[in-house]
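The next block is coords-v2.cif, given as mmCIF, C-alpha atoms and all ligand atoms.
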```
data_data
#
loop_
_atom_site.label_atom_id
_atom_site.label_comp_id
_atom_site.auth_asym_id
_atom_site.auth_seq_id
_atom_site.Cartn_x
_atom_site.Cartn_y
_atom_site.Cartn_z
CA MET R 163 122.86 160.10 152.62
CA ALA R 164 120.94 163.32 152.40
CA VAL R 165 117.33 162.68 153.35
CA TYR R 166 115.08 165.63 154.14
CA LYS R 167 111.74 165.64 155.89
CA ASN R 168 109.94 166.47 152.66
CA ILE R 169 110.58 164.52 149.50
CA GLU R 170 110.43 167.64 147.30
CA THR R 171 113.70 168.68 148.93
CA THR R 172 115.33 165.25 148.81
CA LEU R 173 114.61 165.15 145.06
CA ILE R 174 116.93 168.13 144.63
CA HIS R 175 119.45 167.71 147.45
CA GLY R 176 119.42 163.95 148.15
CA GLY R 177 122.19 161.43 147.55
CA ILE R 178 125.54 163.14 147.01
CA PRO R 179 124.38 166.66 146.22
CA ILE R 180 127.68 168.51 145.75
CA ASP R 181 130.96 167.56 144.08
CA GLU R 182 133.23 167.65 147.14
CA ARG R 183 136.44 168.35 145.22
CA THR R 184 135.25 171.41 143.29
CA GLY R 185 132.00 172.46 144.95
CA ALA R 186 130.15 172.07 141.64
CA VAL R 187 126.43 172.04 142.41
CA ASN R 188 125.93 169.36 139.78
CA ILE R 189 127.86 166.10 140.03
CA PRO R 190 130.20 166.12 137.02
CA ILE R 191 130.02 163.46 134.32
CA TYR R 192 133.02 161.33 135.24
CA GLN R 193 133.54 159.99 131.74
CA THR R 194 136.31 157.57 132.60
CA SER R 195 136.59 153.80 132.54
CA THR R 196 139.42 153.46 135.03
CA PHE R 197 141.09 155.22 137.99
CA LYS R 198 144.72 155.71 139.00
CA GLN R 199 145.88 153.61 141.92
CA ASP R 200 148.51 155.15 144.19
CA GLY R 201 150.25 151.82 144.75
CA LEU R 202 149.34 148.16 144.76
CA GLY R 203 146.00 147.86 146.52
CA LYS R 204 145.93 151.64 147.16
CA MET R 205 142.70 152.78 145.51
CA ARG R 206 141.09 156.18 146.04
CA GLY R 207 137.64 154.62 146.32
CA TYR R 208 137.24 153.71 142.67
CA GLU R 209 139.04 151.23 140.46
CA TYR R 210 136.98 150.57 137.32
CA SER R 211 133.71 152.15 136.19
CA ARG R 212 131.76 148.90 135.91
CA THR R 213 132.41 148.38 139.61
CA GLY R 214 131.82 152.01 140.59
CA ASN R 215 131.71 155.44 138.98
CA PRO R 216 131.20 158.73 140.89
CA THR R 217 128.38 159.99 138.66
CA ARG R 218 126.52 156.70 138.84
CA GLU R 219 127.19 156.53 142.56
CA ALA R 220 125.52 159.93 143.09
CA LEU R 221 122.42 158.67 141.26
CA GLU R 222 122.45 155.41 143.22
CA ALA R 223 122.63 157.29 146.53
CA LEU R 224 119.83 159.59 145.38
CA ILE R 225 117.34 156.85 144.47
CA SER R 226 118.17 155.01 147.70
CA ASP R 227 117.41 158.17 149.71
CA LEU R 228 114.17 158.72 147.80
CA GLU R 229 112.88 155.17 148.30
CA GLY R 230 114.10 155.04 151.91
CA GLY R 231 116.43 152.12 151.17
CA CYS R 232 119.81 150.86 152.18
CA ALA R 233 121.51 151.08 148.77
CA GLY R 234 120.65 151.91 145.17
CA PHE R 235 121.89 150.44 141.88
CA ALA R 236 121.74 151.94 138.39
CA PHE R 237 121.44 149.82 135.27
CA ALA R 238 121.36 150.34 131.52
CA SER R 239 117.58 149.78 131.41
CA GLY R 240 114.66 148.75 133.58
CA LEU R 241 114.96 145.22 132.23
CA ALA R 242 118.69 145.15 133.05
CA ALA R 243 117.72 146.09 136.63
CA GLU R 244 115.12 143.29 136.71
CA THR R 245 117.64 140.83 135.22
CA ALA R 246 120.05 141.63 138.05
CA VAL R 247 117.31 141.26 140.67
CA PHE R 248 116.05 137.94 139.26
CA SER R 249 119.69 136.79 139.29
CA LEU R 250 119.35 136.62 143.08
CA LEU R 251 117.26 133.47 142.45
CA HIS R 252 118.60 129.97 141.86
CA SER R 253 117.76 127.12 139.54
CA GLY R 254 114.55 125.47 140.74
CA ASP R 255 113.16 128.65 142.28
CA ARG R 256 109.83 130.13 141.25
CA VAL R 257 108.60 133.73 141.30
CA LEU R 258 104.97 134.81 141.50
CA ILE R 259 104.09 137.81 139.32
CA SER R 260 101.08 140.14 139.34
CA SER R 261 98.59 139.24 136.66
CA ASN R 262 99.28 142.15 134.36
CA VAL R 263 102.92 143.07 134.56
CA TYR R 264 104.91 144.90 131.90
CA GLY R 265 105.22 142.69 128.80
CA GLY R 266 109.03 142.77 128.88
CA THR R 267 109.07 141.50 132.46
CA PHE R 268 106.89 138.60 131.41
CA ARG R 269 109.13 137.85 128.39
CA LEU R 270 112.28 137.96 130.56
CA LEU R 271 110.87 135.24 132.83
CA ASN R 272 109.01 133.30 130.16
CA GLN R 273 111.78 133.18 127.54
CA VAL R 274 115.11 133.86 129.26
CA PHE R 275 115.11 132.84 132.92
CA ASP R 276 113.24 129.66 132.00
CA HIS R 277 116.55 128.51 130.39
CA PHE R 278 118.00 128.46 133.88
CA ASN R 279 115.04 126.62 135.41
CA ILE R 280 113.83 129.75 137.18
CA ASN R 281 110.07 129.58 136.83
CA TYR R 282 107.12 131.91 137.27
CA THR R 283 103.43 131.71 138.03
CA ILE R 284 100.97 134.47 137.25
CA SER R 285 99.19 135.24 140.50
CA ASP R 286 96.21 137.44 141.29
CA THR R 287 98.05 139.67 143.77
CA GLU R 288 95.03 141.98 143.76
CA ASN R 289 93.43 139.29 145.91
CA PRO R 290 95.80 138.42 148.81
CA GLU R 291 94.06 135.09 149.66
CA SER R 292 94.37 133.82 146.13
CA PHE R 293 98.01 134.99 146.13
CA GLU R 294 98.70 132.98 149.29
CA ALA R 295 97.15 129.88 147.72
CA ASP R 296 99.70 130.12 144.87
CA ILE R 297 102.71 129.85 147.21
CA THR R 298 104.22 126.41 146.65
CA ASP R 299 107.47 125.16 148.21
CA ASP R 300 109.59 126.35 145.30
CA VAL R 301 108.25 129.94 145.37
CA LYS R 302 111.03 132.24 146.59
CA ALA R 303 109.89 135.69 145.45
CA VAL R 304 106.95 137.79 144.35
CA LEU R 305 107.06 140.65 141.84
CA ILE R 306 104.26 143.17 142.25
CA GLU R 307 103.31 146.01 139.95
CA SER R 308 100.81 148.41 141.51
CA PRO R 309 99.07 149.85 139.65
CA ALA R 310 99.76 147.02 137.20
CA ASN R 311 100.14 147.61 133.54
CA PRO R 312 97.93 148.09 131.52
CA LEU R 313 94.67 147.60 133.47
CA MET R 314 95.90 149.64 136.46
CA THR R 315 94.92 146.92 138.92
CA VAL R 316 95.98 147.77 142.45
CA THR R 317 97.68 145.34 144.82
CA ASP R 318 97.65 145.89 148.57
CA ILE R 319 101.44 145.92 148.88
CA ARG R 320 101.48 145.66 152.68
CA ALA R 321 99.01 142.77 152.78
CA VAL R 322 100.88 140.80 150.11
CA ALA R 323 104.28 141.59 151.69
CA ASP R 324 103.06 140.35 155.09
CA ILE R 325 101.85 137.05 153.60
CA ALA R 326 104.99 136.71 151.49
CA HIS R 327 107.27 137.25 154.48
CA ARG R 328 105.42 134.61 156.52
CA HIS R 329 106.48 132.21 153.75
CA GLY R 330 110.03 133.58 153.55
CA LEU R 331 109.64 135.15 150.09
CA LEU R 332 111.53 138.12 148.72
CA VAL R 333 109.10 140.96 147.90
CA ILE R 334 109.97 142.91 144.76
CA VAL R 335 107.88 145.90 143.62
CA ASP R 336 108.14 147.49 140.19
CA ASN R 337 107.46 151.12 141.18
CA THR R 338 107.89 152.58 137.67
CA PHE R 339 104.33 153.89 137.41
CA MET R 340 104.30 155.67 140.77
CA THR R 341 107.90 156.70 141.59
CA PRO R 342 108.90 157.38 145.21
CA TYR R 343 107.16 160.76 144.96
CA ILE R 344 103.79 158.98 144.99
CA GLN R 345 104.44 155.56 146.56
CA ARG R 346 107.29 154.11 148.63
CA PRO R 347 107.03 150.30 148.62
CA LEU R 348 109.92 149.69 151.07
CA GLU R 349 107.87 151.51 153.74
CA LEU R 350 105.02 149.10 152.94
CA GLY R 351 107.20 146.04 153.52
CA ALA R 352 108.87 145.40 150.15
CA ASP R 353 112.48 144.18 150.13
CA ILE R 354 113.45 145.48 146.69
CA VAL R 355 112.10 148.23 144.46
CA VAL R 356 112.86 148.27 140.74
CA HIS R 357 112.28 151.05 138.24
CA SER R 358 112.30 151.66 134.60
CA ALA R 359 113.84 155.10 135.11
CA THR R 360 113.26 155.59 131.38
CA LYS R 361 109.77 156.72 132.39
CA TYR R 362 108.87 159.35 135.05
CA LEU R 363 112.25 159.52 136.80
CA GLY R 364 114.01 160.54 133.58
CA GLY R 365 110.82 162.26 132.53
CA HIS R 366 111.81 163.62 129.12
CA SER R 367 111.81 160.51 126.89
CA ASP R 368 115.54 160.96 126.27
CA VAL R 369 117.25 158.25 128.31
CA VAL R 370 116.82 154.49 128.83
CA ALA R 371 117.77 153.47 132.38
CA GLY R 372 116.87 151.19 135.27
CA LEU R 373 117.24 151.43 139.03
CA ALA R 374 116.95 149.07 141.97
CA VAL R 375 116.86 149.83 145.69
CA VAL R 376 117.24 147.26 148.46
CA SER R 377 116.18 147.35 152.10
CA THR R 378 119.06 145.50 153.80
CA ASP R 379 122.87 145.43 153.78
CA GLU R 380 122.79 141.75 152.96
CA LEU R 381 120.74 142.33 149.80
CA ALA R 382 122.94 145.33 148.96
CA GLN R 383 126.08 143.16 149.03
CA LYS R 384 124.48 140.47 146.90
CA LEU R 385 123.12 142.90 144.32
CA ALA R 386 126.41 144.86 144.15
CA PHE R 387 128.17 141.58 143.39
CA ILE R 388 125.64 140.72 140.66
CA GLN R 389 125.77 144.24 139.19
CA ASN R 390 129.55 144.08 138.90
CA SER R 391 129.57 140.47 137.71
CA THR R 392 126.86 140.78 135.04
CA GLY R 393 127.83 144.32 134.05
CA GLY R 394 124.58 145.93 132.85
CA VAL R 395 125.54 149.28 134.40
CA LEU R 396 124.32 152.77 133.50
CA ALA R 397 126.80 155.08 131.73
CA PRO R 398 128.02 158.28 133.43
CA PHE R 399 126.26 160.60 130.97
CA ASP R 400 122.93 158.79 131.37
CA SER R 401 123.40 158.85 135.15
CA PHE R 402 123.81 162.62 134.92
CA LEU R 403 120.66 162.94 132.79
CA LEU R 404 118.67 160.96 135.34
CA ILE R 405 119.86 163.07 138.28
CA ARG R 406 118.84 166.11 136.25
CA GLY R 407 115.42 164.60 135.51
CA ILE R 408 114.78 163.60 139.12
CA LYS R 409 115.27 167.19 140.35
CA THR R 410 112.01 168.23 138.65
CA LEU R 411 110.06 165.03 139.38
CA GLY R 412 107.89 166.71 142.01
CA VAL R 413 106.71 169.64 139.90
CA ARG R 414 106.28 167.46 136.83
CA LEU R 415 104.24 164.86 138.65
CA ASP R 416 102.00 167.43 140.33
CA ARG R 417 100.96 168.63 136.88
CA HIS R 418 100.90 165.13 135.35
CA VAL R 419 98.56 163.84 138.08
CA GLN R 420 96.27 166.89 137.93
CA ASN R 421 95.97 166.44 134.14
CA ALA R 422 95.45 162.67 134.46
CA LEU R 423 92.64 163.05 136.98
CA THR R 424 90.90 165.57 134.71
CA ALA R 425 91.34 163.31 131.66
CA ALA R 426 90.08 160.25 133.56
CA LYS R 427 86.95 162.14 134.67
CA PHE R 428 86.41 163.39 131.11
CA LEU R 429 86.66 159.84 129.70
CA SER R 430 84.50 158.28 132.38
CA THR R 431 81.60 160.60 131.54
CA HIS R 432 82.10 160.46 127.74
CA PRO R 433 79.21 158.66 125.99
CA ALA R 434 81.60 156.84 123.59
CA VAL R 435 83.67 155.27 126.37
CA LYS R 436 82.89 151.76 127.61
CA SER R 437 85.33 151.54 130.53
CA VAL R 438 88.07 153.56 132.24
CA HIS R 439 90.82 152.17 134.45
CA TYR R 440 92.41 154.76 136.73
CA PRO R 441 92.92 154.19 140.47
CA GLY R 442 92.54 157.92 141.14
CA LEU R 443 88.80 157.77 140.36
CA GLU R 444 86.62 157.10 143.39
CA THR R 445 84.58 154.66 141.31
CA ASP R 446 87.67 152.59 140.45
CA ARG R 447 87.99 149.12 141.95
CA GLY R 448 91.47 149.87 143.30
CA TYR R 449 90.72 153.36 144.63
CA LYS R 450 90.55 152.57 148.36
CA VAL R 451 93.65 150.39 148.57
CA ASN R 452 95.61 152.75 146.35
CA ARG R 453 94.65 155.70 148.52
CA ARG R 454 95.94 153.93 151.57
CA GLN R 455 99.37 153.21 150.10
CA ALA R 456 99.96 155.99 147.58
CA LYS R 457 99.64 159.77 147.51
CA ASN R 458 97.32 159.69 144.49
CA GLY R 459 96.26 157.62 141.49
CA GLY R 460 99.33 158.35 139.41
CA VAL R 461 99.22 159.29 135.76
CA MET R 462 98.49 156.18 133.71
CA ILE R 463 94.98 155.63 132.37
CA SER R 464 93.59 152.91 130.16
CA PHE R 465 90.17 152.82 128.57
CA GLU R 466 88.01 151.12 125.97
CA LEU R 467 85.72 152.70 123.40
CA LYS R 468 82.27 151.28 122.69
CA GLU R 469 81.87 148.76 119.83
CA ASN R 470 80.76 151.36 117.26
CA TYR R 471 84.14 153.13 117.38
CA ASP R 472 87.09 152.16 115.16
CA ILE R 473 90.25 152.01 117.22
CA ASN R 474 92.58 152.41 114.20
CA LYS R 475 90.76 155.58 113.21
CA PHE R 476 91.05 156.81 116.79
CA PHE R 477 94.85 156.45 116.78
CA GLU R 478 95.18 158.01 113.32
CA SER R 479 92.99 160.99 114.24
CA LEU R 480 95.06 162.12 117.21
CA THR R 481 97.18 165.16 116.34
CA LEU R 482 98.73 166.16 119.68
CA ILE R 483 98.94 162.87 121.58
CA THR R 484 101.68 160.73 120.03
CA LEU R 485 101.28 157.03 119.27
CA ALA R 486 104.43 155.48 120.74
CA GLU R 487 105.72 152.88 123.17
CA SER R 488 106.83 154.13 126.57
CA LEU R 489 105.34 156.58 129.04
CA GLY R 490 106.28 159.07 131.68
CA GLY R 491 107.66 161.85 129.51
CA VAL R 492 106.42 165.44 129.54
CA GLU R 493 104.57 164.80 126.26
CA SER R 494 101.30 162.85 126.13
CA LEU R 495 101.67 159.40 124.61
CA VAL R 496 99.15 156.77 123.66
CA CYS R 497 99.63 153.08 122.98
CA HIS R 498 97.76 149.92 122.10
CA PRO R 499 98.91 147.38 124.72
CA SER R 500 97.77 144.20 122.93
CA SER R 501 99.90 144.93 119.84
CA MET R 502 102.66 147.05 121.44
CA THR R 503 103.81 146.94 125.08
CA HIS R 504 102.13 143.60 125.84
CA ALA R 505 102.52 141.87 122.45
CA SER R 506 105.13 139.49 123.93
CA ILE R 507 102.43 138.01 126.17
CA PRO R 508 100.70 135.10 124.35
CA GLU R 509 97.18 135.92 123.19
CA GLU R 510 95.42 133.40 125.43
CA ILE R 511 97.12 134.85 128.54
CA ARG R 512 96.31 138.40 127.39
CA LYS R 513 92.64 137.45 127.03
CA LYS R 514 92.63 135.73 130.41
CA VAL R 515 93.98 138.76 132.26
CA GLY R 516 91.73 141.19 130.37
CA ILE R 517 94.13 142.90 127.94
CA THR R 518 91.59 143.19 125.11
CA ASP R 519 92.33 144.38 121.57
CA GLY R 520 90.14 147.41 122.27
CA LEU R 521 92.23 148.62 125.22
CA ILE R 522 93.94 152.00 124.83
CA ARG R 523 96.63 153.19 127.25
CA LEU R 524 97.30 156.86 127.85
CA SER R 525 100.33 158.49 129.43
CA ILE R 526 99.08 161.99 130.11
CA GLY R 527 101.75 164.67 129.67
CA ILE R 528 102.10 168.12 131.16
CA GLU R 529 100.71 170.07 128.20
CA ASN R 530 97.70 172.31 128.76
CA ILE R 531 94.86 169.96 129.69
CA THR R 532 92.36 171.76 127.43
CA ASP R 533 94.48 170.86 124.40
CA ILE R 534 94.79 167.22 125.55
CA LEU R 535 91.03 166.86 126.06
CA ALA R 536 90.25 168.53 122.72
CA ASP R 537 92.55 166.06 120.93
CA LEU R 538 90.92 163.07 122.66
CA ASP R 539 87.42 164.39 122.00
CA ASN R 540 88.14 165.04 118.32
CA ALA R 541 89.76 161.63 117.76
CA ILE R 542 86.83 159.88 119.43
CA ALA R 543 84.37 161.79 117.22
CA GLN R 544 86.38 160.94 114.07
CA SER R 545 86.46 157.26 114.93
CA GLU R 546 82.70 156.70 115.17
CA VAL R 547 81.51 154.24 112.53
C1 LIG S 601 109.19 150.24 130.60
C2 LIG S 601 108.95 149.37 131.77
C3 LIG S 601 109.87 148.38 132.14
C4 LIG S 601 111.12 148.10 131.34
O1 LIG S 601 112.03 149.14 131.42
P1 LIG S 601 113.07 149.51 130.26
O2 LIG S 601 113.73 150.73 130.78
O3 LIG S 601 112.27 149.73 129.01
O4 LIG S 601 113.98 148.34 130.12
C5 LIG S 601 109.61 147.65 133.28
N1 LIG S 601 108.49 147.84 134.01
C6 LIG S 601 107.58 148.77 133.67
C7 LIG S 601 106.37 148.97 134.52
C8 LIG S 601 107.77 149.56 132.54
O5 LIG S 601 106.85 150.48 132.20
#
```
Once more with this new file: its structure as structure tokens, please.
Amino acid sequence: MAVYKNIETTLIHGGIPIDERTGAVNIPIYQTSTFKQDGLGKMRGYEYSRTGNPTREALEALISDLEGGCAGFAFASGLAAETAVFSLLHSGDRVLISSNVYGGTFRLLNQVFDHFNINYTISDTENPESFEADITDDVKAVLIESPANPLMTVTDIRAVADIAHRHGLLVIVDNTFMTPYIQRPLELGADIVVHSATKYLGGHSDVVAGLAVVSTDELAQKLAFIQNSTGGVLAPFDSFLLIRGIKTLGVRLDRHVQNALTAAKFLSTHPAVKSVHYPGLETDRGYKVNRRQAKNGGVMISFELKENYDINKFFESLTLITLAESLGGVESLVCHPSSMTHASIPEEIRKKVGITDGLIRLSIGIENITDILADLDNAIAQSEV
């Protein structure tokens, strides 16, 4: 444990900051599958890298320190982390999920965990009363995304956690969009935080990884058992890359958020734009709640163009902002949720939760904001029909 008063410092010196044996200021990549035992039952702390690896362990300690948890776990992807967390449930259990979660999260529950009779209900967690009304006897957990993807709807994490705990539910928050630099769900009452570390934590679009942090020793023991038993662990090299990425999270996010706020203001006053979803704008529906629980509105923006703009032309006219899945890297990315990140959600559910075919999602990078705005402005102009 190495937690400092200010998170900027914990980002760089948290977890296990120094290699004790050599003094190396970066934890080495322990590229080994197994470890010598000095005699029967005489291990030096490690036995096999699925169970534990020093590089992965340094990352796991770091994310736990950053989220203020009890223990951290690193997985081969965000969905591998969610798979491990949902594996805490049993046949017959049900999980409530925020009404626009990541498409892959939905698919995991809708098409994989349903084989094991673990069910889900989409719940309007943005509205705590309606969430409470969805709690039936079989509901054992709630998964919140806030802001939720792709409409950036904000859930009052503390309010939902309080209700959930009165009913004995496990509260899981997908904190991918905010990271512990902006929002710390365990402090708001969550029991487990999950991340697609592929996004801001890695930050350079060069590694796929997932993390989970738990708030109690009991959950830590259960999740450690599941991690070792199901085996979706993160490799030593990828663990190293993530530690490296996390060191610059603070400076990257400061710029990301500044750029995102400027881009959101630009879009919200642009005559071609029908709607903008960004909880950092004072006019946004989720602004007040988000402000209470997070440092700022984060980086993700979604918006719709007016009817006389051709969305295909818009995507094809961008020259700087790249059309691609994913988010959270230093480069600006754009995507079309209904055909890309959220395509695995059936059309009628997409329509119901407001993921229209005209919705555009932006992950604002750390390039010069003038260049980003010029690219957006030009593509909008080109797409007018
Ligand atoms: C990308 C993403 C995931 C899935 O993570 P992978 O690393 O792609 O498996 C889960 N939740 C959110 C919010 C995401 O953006």
Any idea what's packed within 7 Å of range 418-435 of chain R, counting only C-alpha atoms, ignoring anything in its chain fewer than 2 positions away? Could you give it as an mmCIF file with C-alpha atoms, in the coordinates of the input?
```cif
data_model
loop_
_atom_site.group_PDB
_atom_site.id
_atom_site.type_symbol
_atom_site.label_atom_id
_atom_site.label_comp_id
_atom_site.auth_asym_id
_atom_site.auth_seq_id
_atom_site.Cartn_x
_atom_site.Cartn_y
_atom_site.Cartn_z
ATOM 1 C CA ARG R 414 106.280 167.460 136.830
ATOM 2 C CA LEU R 415 104.240 164.860 138.650
ATOM 3 C CA ASP R 416 102.000 167.430 140.330
ATOM 4 C CA SER R 437 85.330 151.540 130.530
ATOM 5 C CA VAL R 438 88.070 153.560 132.240
ATOM 6 C CA TYR R 440 92.410 154.760 136.730
ATOM 7 C CA GLY R 442 92.540 157.920 141.140
ATOM 8 C CA GLY R 460 99.330 158.350 139.410
ATOM 9 C CA VAL R 461 99.220 159.290 135.760
ATOM 10 C CA ILE R 463 94.980 155.630 132.370
ATOM 11 C CA GLU R 466 88.010 151.120 125.970
ATOM 12 C CA LEU R 467 85.720 152.700 123.400
ATOM 13 C CA LYS R 468 82.270 151.280 122.690
ATOM 14 C CA ILE R 526 99.080 161.990 130.110
ATOM 15 C CA GLY R 527 101.750 164.670 129.670
ATOM 16 C CA ILE R 528 102.100 168.120 131.160
ATOM 17 C CA ILE R 531 94.860 169.960 129.690
ATOM 18 C CA LEU R 535 91.030 166.860 126.060
#
```
Contacts of Gly364 in chain R at 9 Å or less, counting only C-alpha atoms, minus same-chain residues fewer than 5 places along, as a PDB file with C-alpha atoms, keeping the file's coordinate frame?
```pdb
ATOM      1  CA  ALA R 359     113.840 155.100 135.110  1.00  0.00           C
ATOM      2  CA  VAL R 369     117.250 158.250 128.310  1.00  0.00           C
ATOM      3  CA  VAL R 370     116.820 154.490 128.830  1.00  0.00           C
ATOM      4  CA  ALA R 371     117.770 153.470 132.380  1.00  0.00           C
ATOM      5  CA  LEU R 403     120.660 162.940 132.790  1.00  0.00           C
ATOM      6  CA  LEU R 404     118.670 160.960 135.340  1.00  0.00           C
ATOM      7  CA  ILE R 405     119.860 163.070 138.280  1.00  0.00           C
ATOM      8  CA  ARG R 406     118.840 166.110 136.250  1.00  0.00           C
ATOM      9  CA  GLY R 407     115.420 164.600 135.510  1.00  0.00           C
ATOM     10  CA  ILE R 408     114.780 163.600 139.120  1.00  0.00           C
ATOM     11  CA  LEU R 411     110.060 165.030 139.380  1.00  0.00           C
ATOM     12  CA  GLY R 490     106.280 159.070 131.680  1.00  0.00           C
ATOM     13  CA  GLY R 491     107.660 161.850 129.510  1.00  0.00           C
TER      14      GLY R 491
END
```
What is the distance, in Å and to one decimal place, between CA of His366 in chain R and CA of Gly448 in chain R? 28.4 Å
Separation of CA of Glu294 in chain R and CA of Val322 in chain R, in Å?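 So the answer is 8.2 Å.
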Do you have the CA of Leu495 in chain R-CA of Ser525 in chain R distance handy?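 About the pair CA of Leu495 in chain R and CA of Ser525 in chain R: they are 5.1 Å apart.
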Which of R:Glu510, R:Glu487, R:Asp537, R:Glu546 sits closest to Glu469 in chain R [using all atoms listed in the file]: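 Among the listed residues, the smallest separation from Glu469 in chain R belongs to R:Glu546.
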